[in-house]
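Containing PDB, C-alpha atoms: start-v1.pdb.
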ATOM      1  CA  MET A  29       0.000   0.000   0.000  1.00  0.00           C
ATOM      2  CA  ILE A  30       2.848   2.364   0.765  1.00  0.00           C
ATOM      3  CA  TRP A  31       4.321   1.884  -2.702  1.00  0.00           C
ATOM      4  CA  ARG A  32       1.005   2.251  -4.562  1.00  0.00           C
ATOM      5  CA  LEU A  33      -0.846   4.944  -2.590  1.00  0.00           C
ATOM      6  CA  TYR A  34       1.821   7.375  -1.342  1.00  0.00           C
ATOM      7  CA  PRO A  35       1.702  10.405  -1.261  1.00  0.00           C
ATOM      8  CA  GLN A  36      -2.098  10.628  -1.662  1.00  0.00           C
ATOM      9  CA  ALA A  37      -2.571   8.203   1.232  1.00  0.00           C
ATOM     10  CA  ARG A  38      -0.184   7.637   4.091  1.00  0.00           C
ATOM     11  CA  VAL A  39       0.073   4.321   5.898  1.00  0.00           C
ATOM     12  CA  PHE A  40      -0.258   4.464   9.704  1.00  0.00           C
ATOM     13  CA  ILE A  41       1.683   1.230  10.272  1.00  0.00           C
ATOM     14  CA  ASP A  42       2.728  -1.827   8.309  1.00  0.00           C
ATOM     15  CA  GLY A  43       4.467  -5.112   9.022  1.00  0.00           C
ATOM     16  CA  ARG A  44       7.917  -3.594   9.541  1.00  0.00           C
ATOM     17  CA  ALA A  45       7.806  -3.332  13.349  1.00  0.00           C
ATOM     18  CA  ASP A  46      11.513  -2.435  13.585  1.00  0.00           C
ATOM     19  CA  VAL A  47      10.852   0.850  11.740  1.00  0.00           C
ATOM     20  CA  TYR A  48       8.313   2.115  14.285  1.00  0.00           C
ATOM     21  CA  GLY A  49       9.993   1.254  17.578  1.00  0.00           C
ATOM     22  CA  ASP A  50       8.790  -0.658  20.600  1.00  0.00           C
ATOM     23  CA  THR A  51       7.115   2.304  22.302  1.00  0.00           C
ATOM     24  CA  PHE A  52       4.903   3.103  19.326  1.00  0.00           C
ATOM     25  CA  ILE A  53       4.067  -0.565  18.751  1.00  0.00           C
ATOM     26  CA  GLU A  54       3.075  -1.155  22.387  1.00  0.00           C
ATOM     27  CA  GLU A  55       1.470   2.156  23.347  1.00  0.00           C
ATOM     28  CA  VAL A  56      -0.278   3.084  20.119  1.00  0.00           C
ATOM     29  CA  TYR A  57      -0.667   0.288  17.596  1.00  0.00           C
ATOM     30  CA  LEU A  58      -1.272  -2.688  19.880  1.00  0.00           C
ATOM     31  CA  ARG A  59      -3.659  -0.732  22.111  1.00  0.00           C
ATOM     32  CA  ALA A  60      -5.808  -0.074  19.047  1.00  0.00           C
ATOM     33  CA  TYR A  61      -5.328  -3.522  17.507  1.00  0.00           C
ATOM     34  CA  ARG A  62      -6.258  -5.289  20.736  1.00  0.00           C
ATOM     35  CA  ALA A  63      -9.330  -3.038  21.077  1.00  0.00           C
ATOM     36  CA  SER A  64      -8.239  -1.586  24.414  1.00  0.00           C
ATOM     37  CA  ALA A  65     -10.637   0.828  26.084  1.00  0.00           C
ATOM     38  CA  ASP A  66      -8.939   3.765  24.336  1.00  0.00           C
ATOM     39  CA  TRP A  67      -8.800   2.302  20.804  1.00  0.00           C
ATOM     40  CA  ARG A  68     -10.828   5.204  19.383  1.00  0.00           C
ATOM     41  CA  ALA A  69      -8.431   7.775  20.820  1.00  0.00           C
ATOM     42  CA  ARG A  70      -5.459   5.985  19.263  1.00  0.00           C
ATOM     43  CA  LEU A  71      -7.032   6.046  15.791  1.00  0.00           C
ATOM     44  CA  GLU A  72      -8.209   9.653  16.173  1.00  0.00           C
ATOM     45  CA  GLN A  73      -4.801  10.795  17.435  1.00  0.00           C
ATOM     46  CA  TYR A  74      -3.258   9.813  14.103  1.00  0.00           C
ATOM     47  CA  ASP A  75      -6.304  10.688  11.962  1.00  0.00           C
ATOM     48  CA  VAL A  76      -6.659   7.091  10.757  1.00  0.00           C
ATOM     49  CA  ARG A  77      -9.358   6.990   8.088  1.00  0.00           C
ATOM     50  CA  PHE A  78      -9.032   3.407   6.858  1.00  0.00           C
ATOM     51  CA  VAL A  79      -8.262   0.220   8.773  1.00  0.00           C
ATOM     52  CA  LEU A  80      -7.211  -2.984   7.022  1.00  0.00           C
ATOM     53  CA  LEU A  81      -6.996  -6.051   9.271  1.00  0.00           C
ATOM     54  CA  GLU A  82      -7.273  -9.816   9.239  1.00  0.00           C
ATOM     55  CA  PRO A  83     -10.893 -10.871   9.958  1.00  0.00           C
ATOM     56  CA  ASP A  84     -10.153 -12.290  13.413  1.00  0.00           C
ATOM     57  CA  ALA A  85      -8.301  -9.231  14.733  1.00  0.00           C
ATOM     58  CA  PRO A  86      -9.796  -8.000  18.038  1.00  0.00           C
ATOM     59  CA  LEU A  87     -10.378  -4.496  16.657  1.00  0.00           C
ATOM     60  CA  VAL A  88     -12.654  -5.802  13.896  1.00  0.00           C
ATOM     61  CA  ALA A  89     -15.488  -6.529  16.348  1.00  0.00           C
ATOM     62  CA  GLN A  90     -15.277  -3.008  17.783  1.00  0.00           C
ATOM     63  CA  LEU A  91     -15.242  -1.366  14.353  1.00  0.00           C
ATOM     64  CA  GLU A  92     -18.279  -3.436  13.324  1.00  0.00           C
ATOM     65  CA  ARG A  93     -20.233  -1.962  16.264  1.00  0.00           C
ATOM     66  CA  ALA A  94     -18.949   1.608  15.969  1.00  0.00           C
ATOM     67  CA  ASN A  95     -21.293   4.090  14.299  1.00  0.00           C
ATOM     68  CA  GLU A  96     -18.406   6.135  12.933  1.00  0.00           C
ATOM     69  CA  TRP A  97     -16.899   3.215  11.008  1.00  0.00           C
ATOM     70  CA  ARG A  98     -18.262   1.160   8.124  1.00  0.00           C
ATOM     71  CA  ARG A  99     -16.982  -2.015   6.562  1.00  0.00           C
ATOM     72  CA  ILE A 100     -16.340  -1.436   2.864  1.00  0.00           C
ATOM     73  CA  TYR A 101     -14.690  -4.742   1.968  1.00  0.00           C
ATOM     74  CA  ALA A 102     -14.247  -8.189   3.445  1.00  0.00           C
ATOM     75  CA  ASP A 103     -12.990 -11.579   2.343  1.00  0.00           C
ATOM     76  CA  ALA A 104     -11.312 -14.535   4.043  1.00  0.00           C
ATOM     77  CA  GLN A 105      -7.982 -12.677   4.220  1.00  0.00           C
ATOM     78  CA  ALA A 106      -8.847  -9.113   5.183  1.00  0.00           C
ATOM     79  CA  VAL A 107     -11.479  -6.627   6.277  1.00  0.00           C
ATOM     80  CA  LEU A 108     -11.341  -2.961   5.271  1.00  0.00           C
ATOM     81  CA  PHE A 109     -13.110  -0.249   7.267  1.00  0.00           C
ATOM     82  CA  GLU A 110     -13.544   3.427   6.484  1.00  0.00           C
ATOM     83  CA  ARG A 111     -14.216   6.139   9.021  1.00  0.00           C
ATOM     84  CA  ILE A 112     -17.432   7.948   8.163  1.00  0.00           C
ATOM     85  CA  PRO A 113     -16.731  11.681   7.952  1.00  0.00           C
ATOM     86  CA  SER A 114     -18.439  13.616  10.706  1.00  0.00           C
ATOM     87  CA  SER A 115     -20.957  16.259   9.734  1.00  0.00           C
ATOM     88  CA  ARG A 116     -19.519  18.866  12.072  1.00  0.00           C
TER      89      ARG A 116
END
As a first step, turn the structure in this file into structure tokens.
Amino acid sequence: MIWRLYPQARVFIDGRADVYGDTFIEEVYLRAYRASADWRARLEQYDVRFVLLEPDAPLVAQLERANEWRRIYADAQAVLFERIPSSR
């Protein structure tokens, strides 16, 4: 995604954990991925507008229930969510 979508879209995180550092992985990414109580704040902090995860990721269940997110694609390998723009 980085190679195909940059600079129009920026990737929040990818599979290269060594690039991001342990602090970011633990305190930001994994707190969102594991659907911790503050998962929304983590995604809002970085203005995440799309989330692409494996179907059994803990965050998927939370995004399915969240009014501000909608599933726009799903198959056996991945689920893609988009944040619905607020009407503020």
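In this model, the gap between CA of Glu92 (chain A) and CA of Tyr48 (chain A) comes to 27.2 Å.
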Quiz item: Which of these, A:Leu71, A:Ile30, A:Trp97, A:Ala63, has the shortest distance to Ser114 (chain A) once you count only C-alpha atoms?
Solution: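 Counting only C-alpha atoms, the residue closest to Ser114 (chain A) is A:Trp97.
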Quiz item: If you measure from CA of Gln105 (chain A) to CA of Pro83 (chain A), what distance in Å do you get, rounded to one decimal?
Solution: 6.7 Å
Self-check item: Residues returned when the PyMOL selection byres ((chain A and resi 39) around 10) runs on this file, as a ChimeraX atom specification
Solution: /A:29-31,33-35,37-38,40-42,76,78-79
Picked residues, the PyMOL selection byres ((chain A and resi 109) around 8), as an mmCIF file with C-alpha atoms, in the coordinates of the input:
data_model
loop_
_atom_site.group_PDB
_atom_site.id
_atom_site.type_symbol
_atom_site.label_atom_id
_atom_site.label_comp_id
_atom_site.auth_asym_id
_atom_site.auth_seq_id
_atom_site.Cartn_x
_atom_site.Cartn_y
_atom_site.Cartn_z
ATOM 1 C CA PHE A 78 -9.032 3.407 6.858
ATOM 2 C CA VAL A 79 -8.262 0.220 8.773
ATOM 3 C CA LEU A 80 -7.211 -2.984 7.022
ATOM 4 C CA LEU A 91 -15.242 -1.366 14.353
ATOM 5 C CA TRP A 97 -16.899 3.215 11.008
ATOM 6 C CA ARG A 98 -18.262 1.160 8.124
ATOM 7 C CA ARG A 99 -16.982 -2.015 6.562
ATOM 8 C CA ILE A 100 -16.340 -1.436 2.864
ATOM 9 C CA TYR A 101 -14.690 -4.742 1.968
ATOM 10 C CA VAL A 107 -11.479 -6.627 6.277
ATOM 11 C CA LEU A 108 -11.341 -2.961 5.271
ATOM 12 C CA GLU A 110 -13.544 3.427 6.484
ATOM 13 C CA ARG A 111 -14.216 6.139 9.021
#
Axis-aligned box for all listed atoms of region 57-66 of chain A, 4 Å per side, centre and edges in Å to one decimal, as lines of an AutoDock Vina configuration file:
center_x = -5.7
center_y = -0.8
center_z = 21.8
size_x = 18.0
size_y = 17.1
size_z = 16.6
Polymer residues at most 12 Å from (-2.9, -6.5, 19.8) by all atoms listed in the file, as a PDB file with C-alpha atoms, in the frame of the given file:
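The resulting part_15.pdb:
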ATOM      1  CA  ILE A  53       4.067  -0.565  18.751  1.00  0.00           C
ATOM      2  CA  GLU A  54       3.075  -1.155  22.387  1.00  0.00           C
ATOM      3  CA  GLU A  55       1.470   2.156  23.347  1.00  0.00           C
ATOM      4  CA  VAL A  56      -0.278   3.084  20.119  1.00  0.00           C
ATOM      5  CA  TYR A  57      -0.667   0.288  17.596  1.00  0.00           C
ATOM      6  CA  LEU A  58      -1.272  -2.688  19.880  1.00  0.00           C
ATOM      7  CA  ARG A  59      -3.659  -0.732  22.111  1.00  0.00           C
ATOM      8  CA  ALA A  60      -5.808  -0.074  19.047  1.00  0.00           C
ATOM      9  CA  TYR A  61      -5.328  -3.522  17.507  1.00  0.00           C
ATOM     10  CA  ARG A  62      -6.258  -5.289  20.736  1.00  0.00           C
ATOM     11  CA  ALA A  63      -9.330  -3.038  21.077  1.00  0.00           C
ATOM     12  CA  SER A  64      -8.239  -1.586  24.414  1.00  0.00           C
ATOM     13  CA  TRP A  67      -8.800   2.302  20.804  1.00  0.00           C
ATOM     14  CA  LEU A  81      -6.996  -6.051   9.271  1.00  0.00           C
ATOM     15  CA  GLU A  82      -7.273  -9.816   9.239  1.00  0.00           C
ATOM     16  CA  ASP A  84     -10.153 -12.290  13.413  1.00  0.00           C
ATOM     17  CA  ALA A  85      -8.301  -9.231  14.733  1.00  0.00           C
ATOM     18  CA  PRO A  86      -9.796  -8.000  18.038  1.00  0.00           C
ATOM     19  CA  LEU A  87     -10.378  -4.496  16.657  1.00  0.00           C
ATOM     20  CA  VAL A  88     -12.654  -5.802  13.896  1.00  0.00           C
TER      21      VAL A  88
END
Self-check item: Gap from CA of Gly43 (chain A) to CA of Ala106 (chain A) - Å, one decimal
Solution: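 Computed distance, CA of Gly43 (chain A) to CA of Ala106 (chain A), equals 14.4 Å.
Considering the residues A:Gln36, A:Pro113, A:Arg93, A:Gly49 and counting only C-alpha atoms, Asp75 (chain A) has its shortest atom-to-atom contact with A:Pro113.
Proximity of A:Ala94, A:Ala89, A:Ala45, A:Ile112 to Arg68 (chain A), computed with all atoms listed in the file, is greatest for A:Ala94.
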Keeping C-alpha atoms, write chain A of the structure just shown out as an mmCIF file, in the first residue's frame.
data_model
loop_
_atom_site.group_PDB
_atom_site.id
_atom_site.type_symbol
_atom_site.label_atom_id
_atom_site.label_comp_id
_atom_site.auth_asym_id
_atom_site.auth_seq_id
_atom_site.Cartn_x
_atom_site.Cartn_y
_atom_site.Cartn_z
ATOM 1 C CA MET A 29 0.000 0.000 0.000
ATOM 2 C CA ILE A 30 2.848 2.364 0.765
ATOM 3 C CA TRP A 31 4.321 1.884 -2.702
ATOM 4 C CA ARG A 32 1.005 2.251 -4.562
ATOM 5 C CA LEU A 33 -0.846 4.944 -2.590
ATOM 6 C CA TYR A 34 1.821 7.375 -1.342
ATOM 7 C CA PRO A 35 1.702 10.405 -1.261
ATOM 8 C CA GLN A 36 -2.098 10.628 -1.662
ATOM 9 C CA ALA A 37 -2.571 8.203 1.232
ATOM 10 C CA ARG A 38 -0.184 7.637 4.091
ATOM 11 C CA VAL A 39 0.073 4.321 5.898
ATOM 12 C CA PHE A 40 -0.258 4.464 9.704
ATOM 13 C CA ILE A 41 1.683 1.230 10.272
ATOM 14 C CA ASP A 42 2.728 -1.827 8.309
ATOM 15 C CA GLY A 43 4.467 -5.112 9.022
ATOM 16 C CA ARG A 44 7.917 -3.594 9.541
ATOM 17 C CA ALA A 45 7.806 -3.332 13.349
ATOM 18 C CA ASP A 46 11.513 -2.435 13.585
ATOM 19 C CA VAL A 47 10.852 0.850 11.740
ATOM 20 C CA TYR A 48 8.313 2.115 14.285
ATOM 21 C CA GLY A 49 9.993 1.254 17.578
ATOM 22 C CA ASP A 50 8.790 -0.658 20.600
ATOM 23 C CA THR A 51 7.115 2.304 22.302
ATOM 24 C CA PHE A 52 4.903 3.103 19.326
ATOM 25 C CA ILE A 53 4.067 -0.565 18.751
ATOM 26 C CA GLU A 54 3.075 -1.155 22.387
ATOM 27 C CA GLU A 55 1.470 2.156 23.347
ATOM 28 C CA VAL A 56 -0.278 3.084 20.119
ATOM 29 C CA TYR A 57 -0.667 0.288 17.596
ATOM 30 C CA LEU A 58 -1.272 -2.688 19.880
ATOM 31 C CA ARG A 59 -3.659 -0.732 22.111
ATOM 32 C CA ALA A 60 -5.808 -0.074 19.047
ATOM 33 C CA TYR A 61 -5.328 -3.522 17.507
ATOM 34 C CA ARG A 62 -6.258 -5.289 20.736
ATOM 35 C CA ALA A 63 -9.330 -3.038 21.077
ATOM 36 C CA SER A 64 -8.239 -1.586 24.414
ATOM 37 C CA ALA A 65 -10.637 0.828 26.084
ATOM 38 C CA ASP A 66 -8.939 3.765 24.336
ATOM 39 C CA TRP A 67 -8.800 2.302 20.804
ATOM 40 C CA ARG A 68 -10.828 5.204 19.383
ATOM 41 C CA ALA A 69 -8.431 7.775 20.820
ATOM 42 C CA ARG A 70 -5.459 5.985 19.263
ATOM 43 C CA LEU A 71 -7.032 6.046 15.791
ATOM 44 C CA GLU A 72 -8.209 9.653 16.173
ATOM 45 C CA GLN A 73 -4.801 10.795 17.435
ATOM 46 C CA TYR A 74 -3.258 9.813 14.103
ATOM 47 C CA ASP A 75 -6.304 10.688 11.962
ATOM 48 C CA VAL A 76 -6.659 7.091 10.757
ATOM 49 C CA ARG A 77 -9.358 6.990 8.088
ATOM 50 C CA PHE A 78 -9.032 3.407 6.858
ATOM 51 C CA VAL A 79 -8.262 0.220 8.773
ATOM 52 C CA LEU A 80 -7.211 -2.984 7.022
ATOM 53 C CA LEU A 81 -6.996 -6.051 9.271
ATOM 54 C CA GLU A 82 -7.273 -9.816 9.239
ATOM 55 C CA PRO A 83 -10.893 -10.871 9.958
ATOM 56 C CA ASP A 84 -10.153 -12.290 13.413
ATOM 57 C CA ALA A 85 -8.301 -9.231 14.733
ATOM 58 C CA PRO A 86 -9.796 -8.000 18.038
ATOM 59 C CA LEU A 87 -10.378 -4.496 16.657
ATOM 60 C CA VAL A 88 -12.654 -5.802 13.896
ATOM 61 C CA ALA A 89 -15.488 -6.529 16.348
ATOM 62 C CA GLN A 90 -15.277 -3.008 17.783
ATOM 63 C CA LEU A 91 -15.242 -1.366 14.353
ATOM 64 C CA GLU A 92 -18.279 -3.436 13.324
ATOM 65 C CA ARG A 93 -20.233 -1.962 16.264
ATOM 66 C CA ALA A 94 -18.949 1.608 15.969
ATOM 67 C CA ASN A 95 -21.293 4.090 14.299
ATOM 68 C CA GLU A 96 -18.406 6.135 12.933
ATOM 69 C CA TRP A 97 -16.899 3.215 11.008
ATOM 70 C CA ARG A 98 -18.262 1.160 8.124
ATOM 71 C CA ARG A 99 -16.982 -2.015 6.562
ATOM 72 C CA ILE A 100 -16.340 -1.436 2.864
ATOM 73 C CA TYR A 101 -14.690 -4.742 1.968
ATOM 74 C CA ALA A 102 -14.247 -8.189 3.445
ATOM 75 C CA ASP A 103 -12.990 -11.579 2.343
ATOM 76 C CA ALA A 104 -11.312 -14.535 4.043
ATOM 77 C CA GLN A 105 -7.982 -12.677 4.220
ATOM 78 C CA ALA A 106 -8.847 -9.113 5.183
ATOM 79 C CA VAL A 107 -11.479 -6.627 6.277
ATOM 80 C CA LEU A 108 -11.341 -2.961 5.271
ATOM 81 C CA PHE A 109 -13.110 -0.249 7.267
ATOM 82 C CA GLU A 110 -13.544 3.427 6.484
ATOM 83 C CA ARG A 111 -14.216 6.139 9.021
ATOM 84 C CA ILE A 112 -17.432 7.948 8.163
ATOM 85 C CA PRO A 113 -16.731 11.681 7.952
ATOM 86 C CA SER A 114 -18.439 13.616 10.706
ATOM 87 C CA SER A 115 -20.957 16.259 9.734
ATOM 88 C CA ARG A 116 -19.519 18.866 12.072
#
